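A.B. asks: Mind having a look at this structure? Questions to follow.
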Amino acid sequence: MPEQKVVAPEFMFTEAAREEQFITGSEAVREAVRRANVDMAVSYPITPQSESMHLVGDIYAEGYVKDYYRGENEFAVMCSVAGAAMGGVRVFTATGGPGTMRALEMFPTWVGARLPIVCAFFTRGINSPLTIQPDTIEMAHLLDTGMIMLHAEDAQDLYDMILKAFIIAEQTEVHIPVGVFADGFFVTHTRDKVRVAPADIKLPPYKPYSAPVPVMDMENVPFRQMRDPFVMKSNYVSYAAHASWQQEVLAAAERARPFIRQYLGGLVEVENEQADILVLAGGTAVCQSREAIAMAREEGIEAGLIKIKSLRPFPGEELRALTAKAKAVIVPEFNRVGWLSRELRNVVQNPDRVVPGPRVFGGMTMPPDLILAEIRRYARE
Amino acid sequence: MSKAMFKMTTAFADVMPAEYVELVQSGPFGQGYGVADLGSFKELIEEHPLCAGCGLALAVRLIMASLPTPEDTVVVGSTGCSSLAFPQIALQNIHSLFGNQNAVASGLKRALKLRFPDKHKDVLVVAGDGATADIGLDMVMHSWSRGEKLATIMLDNEAYANTGGQESGMSPEGCVLYMAPTGKKFKKIALPEIARESGCAYVASVTPVQPRKLEKAVRRAILVAREVGPTYVQIFVPCPTNFKFKPQETLAKAKQREKDQTYPLREFITPEAQAYLAALEGGGKHD
């Protein structure tokens, strides 16, 4: 077992001296998990996630993770990490694309059971014919599972968000899972400079009895759950119990907002937000947008950038305020349905100002020129 | 658990539910009770909402009275008739989804091993035939292949009883049920044999007709799972509601199946488990 000193999360996130490493997104996952004091990880192969969970296996072999195994399929993996979390340990896993869809039944179950699981999603297309190419469409399917959803732009974000996700998820008043999303291949397989804390420090251990629900260990009360199970009852008590619990779970995600602000510096990040043309993006669409905005500036056109980091909870108020004076909000996306523009249209005033696109899908990269063309179009209007 | 955990605040004693008071005063925690003691202590199962004559309810009652150390037992269940009874059982128990019980239990058992390395925390999986042999079979078999130290119990009522009586993989061949309107076309899944070949160190099939035999199988399964490897017990639990017989005929139905060998009672024990059990049982100890 390697010697690692437990440090306060704030020290890990801000004060600890950081070393720059030139690593892939998958390696950034390994480095985050190495410092996260993870008790148990369960893996299953799926492109492009496999490498990240191989690397978690490597650090298990080195002693940084206490237990690790390959599960039998993605659904079973999500069930096993749920069982482990109910037993009171800190768990990590990852999946992506079809794996996310295979496991889908478990995600709302994690939330309902108030499990602070951290799962990385390396997004990939889920259409037929089969594709392994990057695409963020799976995120649309997860928007209403109740879990917190953070979207990483690059490997640095991925490293930071995974570490911070544990601390956000494990707050007693939150205590729901956090999905950390990164665009498959673009982030997982490319090398980037990532500044990481020393490997000889780690986060404080998870405190199982900080959970707002009983830990399944027969060491805390209550032992009996209820006198009259309402699972299938058709009566008011049953409806009220289910409805109030669903509201409580939604409220738990709401209560995560201050922690996301504290640890991630906000649900969004903005650049040049005074401009009357704004680009709103998440994931790698952010870097492409930044590129397009720089190209526009060379042409004398000013555009601002809103990088959305937290999709759930959704930064509705922030976006309403930021877009109040904009004449257009361009939303480039890596999927065909445009779920982020739909989300934005639901919260801003005069939603006709939301430009739903450009979009690429099927594995394409997003040429900044496509975004630039939209910026130019609205600059002329 | 520490016994001190199971107590009442004296000031609240008069407003606590009666069954809770009884559980504190004469429950089975730390007592080493067994099936022979039924009637003399407060059982873990409280009133349940299952049908009159339910073989499954009887089996659950007997299982709960057979646990070597109920105070350190966590149950993982699954969707089905039994999931209606478990919330009222005074053990911490998980109902996650339909069929995922052995995957959940794998994670739970490993977590409890990490947190309590010097203590036996028994993780007992109790699920129906649909959950075990159909929708959850891959996770059941993989938990066995991985050697997870779990005791898995199937409550085999030979149908999807809770959804109205549909065919399951465990229904007998030829049986007419919903979704098998002209009779089931294939044999009952040979799960005891599959368990034996998949790495279970102890396998038994029993019925509630012989409670002591059921108790022995459950205890052996839990004890072997502590030290040797995965175990499997299959309990025939006739369902009067879906198989349309009178509630008072449940045990007679099970007895008949035992007698005509259409529900053969079996016990497979690996030499390692045999040696382990001989050491335990030879010493006259329960656990």
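Simple scheme: letters A, B, ... for chains in structure tokens order, numbers from 1 for residues in each chain, numbers from 1 for ligands in the order shown.
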Determine, counting only C-alpha atoms, which protein, DNA and RNA residues have an atom within 12 Å of an atom of Asn335 of chain A; residues of the same chain fewer than 5 positions away are not included. Present the result as a PDB file with N, CA and C atoms, in the first residue's frame.

C.D. replies:
```pdb
ATOM      1  N   THR A 123     -18.376   9.777 -23.643  1.00  0.00           N
ATOM      2  CA  THR A 123     -19.537   9.720 -24.512  1.00  0.00           C
ATOM      3  C   THR A 123     -19.194   9.195 -25.901  1.00  0.00           C
ATOM      4  N   ARG A 124     -20.172   8.515 -26.463  1.00  0.00           N
ATOM      5  CA  ARG A 124     -19.989   7.832 -27.737  1.00  0.00           C
ATOM      6  C   ARG A 124     -21.361   7.681 -28.376  1.00  0.00           C
ATOM      7  N   GLY A 125     -21.394   7.575 -29.678  1.00  0.00           N
ATOM      8  CA  GLY A 125     -22.675   7.426 -30.377  1.00  0.00           C
ATOM      9  C   GLY A 125     -23.394   6.159 -29.966  1.00  0.00           C
ATOM     10  N   ILE A 126     -24.720   6.174 -30.052  1.00  0.00           N
ATOM     11  CA  ILE A 126     -25.480   4.995 -29.644  1.00  0.00           C
ATOM     12  C   ILE A 126     -26.452   4.551 -30.732  1.00  0.00           C
ATOM     13  N   ASN A 127     -26.168   4.968 -31.953  1.00  0.00           N
ATOM     14  CA  ASN A 127     -27.119   4.638 -33.013  1.00  0.00           C
ATOM     15  C   ASN A 127     -26.787   3.316 -33.684  1.00  0.00           C
ATOM     16  N   GLN A 133     -17.857   6.082 -32.500  1.00  0.00           N
ATOM     17  CA  GLN A 133     -17.381   7.459 -32.624  1.00  0.00           C
ATOM     18  C   GLN A 133     -17.951   8.378 -31.543  1.00  0.00           C
ATOM     19  N   PRO A 134     -17.252   9.480 -31.284  1.00  0.00           N
ATOM     20  CA  PRO A 134     -17.733  10.402 -30.247  1.00  0.00           C
ATOM     21  C   PRO A 134     -19.036  11.100 -30.622  1.00  0.00           C
ATOM     22  N   ASP A 135     -19.841  11.322 -29.630  1.00  0.00           N
ATOM     23  CA  ASP A 135     -21.168  11.925 -29.807  1.00  0.00           C
ATOM     24  C   ASP A 135     -21.704  12.104 -28.395  1.00  0.00           C
ATOM     25  N   THR A 136     -22.400  13.184 -28.111  1.00  0.00           N
ATOM     26  CA  THR A 136     -22.871  13.394 -26.736  1.00  0.00           C
ATOM     27  C   THR A 136     -24.344  13.038 -26.547  1.00  0.00           C
ATOM     28  N   ILE A 137     -24.899  12.255 -27.460  1.00  0.00           N
ATOM     29  CA  ILE A 137     -26.352  12.028 -27.395  1.00  0.00           C
ATOM     30  C   ILE A 137     -26.765  11.283 -26.134  1.00  0.00           C
ATOM     31  N   GLU A 138     -25.883  10.441 -25.576  1.00  0.00           N
ATOM     32  CA  GLU A 138     -26.294   9.682 -24.387  1.00  0.00           C
ATOM     33  C   GLU A 138     -26.630  10.609 -23.221  1.00  0.00           C
ATOM     34  N   MET A 139     -26.039  11.807 -23.247  1.00  0.00           N
ATOM     35  CA  MET A 139     -26.295  12.724 -22.130  1.00  0.00           C
ATOM     36  C   MET A 139     -27.762  13.147 -22.092  1.00  0.00           C
ATOM     37  N   ALA A 140     -28.386  13.203 -23.274  1.00  0.00           N
ATOM     38  CA  ALA A 140     -29.804  13.571 -23.318  1.00  0.00           C
ATOM     39  C   ALA A 140     -30.644  12.567 -22.542  1.00  0.00           C
ATOM     40  N   ASP A 183     -16.089  14.037 -23.604  1.00  0.00           N
ATOM     41  CA  ASP A 183     -16.345  13.568 -24.965  1.00  0.00           C
ATOM     42  C   ASP A 183     -15.333  12.481 -25.315  1.00  0.00           C
ATOM     43  N   GLY A 282     -20.705  22.999 -24.123  1.00  0.00           N
ATOM     44  CA  GLY A 282     -20.184  22.122 -23.082  1.00  0.00           C
ATOM     45  C   GLY A 282     -19.212  21.134 -23.710  1.00  0.00           C
ATOM     46  N   GLY A 283     -18.315  20.575 -22.906  1.00  0.00           N
ATOM     47  CA  GLY A 283     -17.368  19.576 -23.411  1.00  0.00           C
ATOM     48  C   GLY A 283     -16.406  20.166 -24.418  1.00  0.00           C
ATOM     49  N   ALA A 285     -16.893  21.027 -27.347  1.00  0.00           N
ATOM     50  CA  ALA A 285     -17.461  22.122 -28.153  1.00  0.00           C
ATOM     51  C   ALA A 285     -16.997  23.468 -27.591  1.00  0.00           C
ATOM     52  N   LEU A 340     -28.813  20.458 -25.713  1.00  0.00           N
ATOM     53  CA  LEU A 340     -28.382  21.611 -24.910  1.00  0.00           C
ATOM     54  C   LEU A 340     -29.141  22.871 -25.334  1.00  0.00           C
ATOM     55  N   SER A 341     -29.390  23.007 -26.628  1.00  0.00           N
ATOM     56  CA  SER A 341     -30.152  24.193 -27.050  1.00  0.00           C
ATOM     57  C   SER A 341     -31.593  24.115 -26.530  1.00  0.00           C
ATOM     58  N   PRO A 356     -29.962  27.040 -32.516  1.00  0.00           N
ATOM     59  CA  PRO A 356     -29.730  25.624 -32.204  1.00  0.00           C
ATOM     60  C   PRO A 356     -28.736  24.987 -33.172  1.00  0.00           C
ATOM     61  N   GLY A 357     -27.491  25.254 -32.994  1.00  0.00           N
ATOM     62  CA  GLY A 357     -26.471  24.670 -33.863  1.00  0.00           C
ATOM     63  C   GLY A 357     -25.262  25.568 -33.925  1.00  0.00           C
ATOM     64  N   PRO A 358     -24.235  25.231 -34.648  1.00  0.00           N
ATOM     65  CA  PRO A 358     -24.140  24.067 -35.536  1.00  0.00           C
ATOM     66  C   PRO A 358     -23.996  22.758 -34.760  1.00  0.00           C
ATOM     67  N   ARG A 359     -24.350  21.666 -35.462  1.00  0.00           N
ATOM     68  CA  ARG A 359     -24.211  20.353 -34.836  1.00  0.00           C
ATOM     69  C   ARG A 359     -23.415  19.430 -35.739  1.00  0.00           C
ATOM     70  N   VAL A 360     -22.566  18.637 -35.131  1.00  0.00           N
ATOM     71  CA  VAL A 360     -21.923  17.544 -35.869  1.00  0.00           C
ATOM     72  C   VAL A 360     -22.203  16.265 -35.115  1.00  0.00           C
ATOM     73  N   PHE A 361     -22.189  15.167 -35.842  1.00  0.00           N
ATOM     74  CA  PHE A 361     -22.437  13.879 -35.204  1.00  0.00           C
ATOM     75  C   PHE A 361     -21.915  12.779 -36.113  1.00  0.00           C
ATOM     76  N   GLY A 362     -21.905  11.563 -35.577  1.00  0.00           N
ATOM     77  CA  GLY A 362     -21.356  10.463 -36.370  1.00  0.00           C
ATOM     78  C   GLY A 362     -19.846  10.377 -36.205  1.00  0.00           C
ATOM     79  N   GLY A 363     -19.275  11.167 -35.301  1.00  0.00           N
ATOM     80  CA  GLY A 363     -17.842  11.064 -35.043  1.00  0.00           C
ATOM     81  C   GLY A 363     -17.039  12.245 -35.549  1.00  0.00           C
ATOM     82  N   MET A 364     -17.709  13.149 -36.262  1.00  0.00           N
ATOM     83  CA  MET A 364     -16.976  14.291 -36.819  1.00  0.00           C
ATOM     84  C   MET A 364     -16.437  15.209 -35.732  1.00  0.00           C
ATOM     85  N   THR A 365     -15.339  15.871 -36.036  1.00  0.00           N
ATOM     86  CA  THR A 365     -14.913  16.969 -35.176  1.00  0.00           C
ATOM     87  C   THR A 365     -15.709  18.198 -35.598  1.00  0.00           C
ATOM     88  N   MET A 366     -15.729  19.189 -34.703  1.00  0.00           N
ATOM     89  CA  MET A 366     -16.504  20.400 -34.992  1.00  0.00           C
ATOM     90  C   MET A 366     -15.553  21.445 -35.575  1.00  0.00           C
TER      91      MET A 366
END
```

A.B. asks: Residues of chain A within 10 Å of chain B, using only C-alpha atoms, as a VMD selection string?

C.D. replies: chain A and resid 39 to 42 66 to 73 75 to 91 105 to 106 109 to 110 112 to 113 208 214 to 232

A.B. asks: Let me make sure I understand: among A:Ala32, A:Leu55, A:Leu322, A:Ile168, which one has the smallest atom-to-atom distance to Ala253 of chain A if we use only C-alpha atoms?

C.D. replies: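 Of all the options, A:Ile168 lies closest to Ala253 of chain A.
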
A.B. asks: May I have the residues within 10 Å of Gln246 of chain A as number ranges by chain, using only C-alpha atoms and disregarding those fewer than 6 positions away in the same chain?

C.D. replies: A: 111-112, 146, 240, 252

A.B. asks: Taking the backbone alone, and naming residues the way the document does, which bits of segment 183-283 of chain A are strand (DSSP E or B) by DSSP, as a list in words?

C.D. replies: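 Matching residues, listed in order: Asp183, Arg191, Asp192, Lys193, Val194, Arg195, Val196, Ile201, Lys202, Val268, Glu269, Val270, Glu271, Ile277, Leu278, Val279, Leu280 and Ala281 of chain A.
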
A.B. asks: Could you tell me, as a PyMOL selection string, which residues of segment 134-179 of chain B DSSP assigns to alpha helix (DSSP H) when given the backbone?

C.D. replies: chain B and resi 137-145

A.B. asks: I want to know what sits within 12 Å of Asn346 of chain A, based on only C-alpha atoms, with residues of the same chain fewer than 5 positions away left out; could you give that as a ChimeraX atom specification?

C.D. replies: /A:314-317,319-320,339-341,351-354

A.B. asks: Those residues you just picked out, can you put them in a file as an mmCIF file, in the first residue's frame with C-alpha atoms?

C.D. replies:
```
data_model
loop_
_atom_site.group_PDB
_atom_site.id
_atom_site.type_symbol
_atom_site.label_atom_id
_atom_site.label_comp_id
_atom_site.auth_asym_id
_atom_site.auth_seq_id
_atom_site.Cartn_x
_atom_site.Cartn_y
_atom_site.Cartn_z
ATOM 1 C CA PHE A 314 -28.888 23.328 -14.534
ATOM 2 C CA PRO A 315 -27.610 26.908 -14.263
ATOM 3 C CA GLY A 316 -30.934 28.392 -15.304
ATOM 4 C CA GLU A 317 -30.648 31.622 -13.358
ATOM 5 C CA LEU A 319 -27.960 31.662 -18.060
ATOM 6 C CA ARG A 320 -31.030 33.877 -17.872
ATOM 7 C CA TRP A 339 -30.450 18.747 -26.306
ATOM 8 C CA LEU A 340 -28.382 21.611 -24.910
ATOM 9 C CA SER A 341 -30.152 24.193 -27.050
ATOM 10 C CA PRO A 351 -35.945 31.831 -26.739
ATOM 11 C CA ASP A 352 -35.949 32.688 -30.439
ATOM 12 C CA ARG A 353 -32.521 34.166 -29.779
ATOM 13 C CA VAL A 354 -31.195 30.649 -29.153
#
```

A.B. asks: Mind checking which residues fall within 10 Å of Gln248 of chain B, counting only C-alpha atoms, ignoring those fewer than 5 positions away in the same chain, and posting them as a list in words?

C.D. replies: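 My list of contacting residues is Ala52, Gly53, Cys54, Pro240 and Lys253 of chain B.
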
A.B. asks: Those selected residues, please, written with N, CA and C atoms and delivered as a short mmCIF file (atom, residue, chain, number, x, y, z; two decimals), in the first residue's frame.

C.D. replies:
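New file part-v5.cif:
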```
data_model
loop_
_atom_site.label_atom_id
_atom_site.label_comp_id
_atom_site.auth_asym_id
_atom_site.auth_seq_id
_atom_site.Cartn_x
_atom_site.Cartn_y
_atom_site.Cartn_z
N ALA B 52 -52.80 -15.89 1.55
CA ALA B 52 -53.05 -17.00 2.48
C ALA B 52 -52.45 -18.27 1.89
N GLY B 53 -51.74 -19.02 2.71
CA GLY B 53 -51.18 -20.28 2.25
C GLY B 53 -49.92 -20.13 1.43
N CYS B 54 -49.33 -18.95 1.42
CA CYS B 54 -48.16 -18.70 0.57
C CYS B 54 -46.96 -19.52 1.06
N PRO B 240 -50.40 -21.12 -3.98
CA PRO B 240 -51.81 -21.46 -4.15
C PRO B 240 -52.55 -20.49 -5.07
N LYS B 253 -48.86 -30.18 -1.26
CA LYS B 253 -48.34 -30.09 -2.64
C LYS B 253 -46.83 -30.30 -2.65
#
```

A.B. asks: For Ile301 of chain A, list every protein, DNA or RNA residue within 10 Å, evaluated using only C-alpha atoms, and leave out those in the same chain fewer than 3 positions away; present the list as a list in words.

C.D. replies: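 Contacts, in chain order: Ala275, Ile277, Ile293, Ala294, Met295, Ala296, Arg297, Glu298, Leu372, Ile375, Arg376, Ala379 and Arg380 of chain A.
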
A.B. asks: Show me, as a VMD selection string, the residues that have an atom within 8 Å of segment 184-199 of chain A when counting only C-alpha atoms, minus same-chain residues fewer than 2 positions from it.

C.D. replies: chain A and resid 4 12 to 13 16 to 26 28 31 34 to 35 48 to 49 52 96 122 to 124 133 to 135 153 to 156 159 182 201 to 202 284

A.B. asks: Tell me, in Å to one decimal, how far atom CA of Leu280 of chain A is from atom CA of Lys309 of chain A.

C.D. replies: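 Separating atom CA of Leu280 of chain A from atom CA of Lys309 of chain A is a distance of 10.8 Å.
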
A.B. asks: Take atom CA of Ile176 of chain A and atom CA of Tyr206 of chain A and report the distance between them in Å, one decimal.

C.D. replies: 13.6 Å

A.B. asks: Find the distance between atom CA of Phe166 of chain A and atom CA of Ile260 of chain A and write it in Å to one decimal.

C.D. replies: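 Separating atom CA of Phe166 of chain A from atom CA of Ile260 of chain A is a distance of 11.4 Å.
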
A.B. asks: Between B:Ala161, B:Ala36, B:Ala133, B:Ala225, which is the closest to Leu191 of chain B once you count only C-alpha atoms?

C.D. replies: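 Smallest separation from Leu191 of chain B among the options: B:Ala133.
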
A.B. asks: Quick one: contact table of segment 106-139 of chain B to segment 165-175 of chain B, 7 Å max, nearest atom pair and distance in Å to one decimal per residue, counting only C-alpha atoms, chain and number order, as a tab-separated table?

C.D. replies:
```
residue	atom	partner	partner_atom	distance
B:Asp129	CA	B:Met170	CA	6.3
B:Gly130	CA	B:Ser168	CA	5.7
B:Ala133	CA	B:Gly169	CA	6.4
B:Asp134	CA	B:Gly169	CA	6.1
```
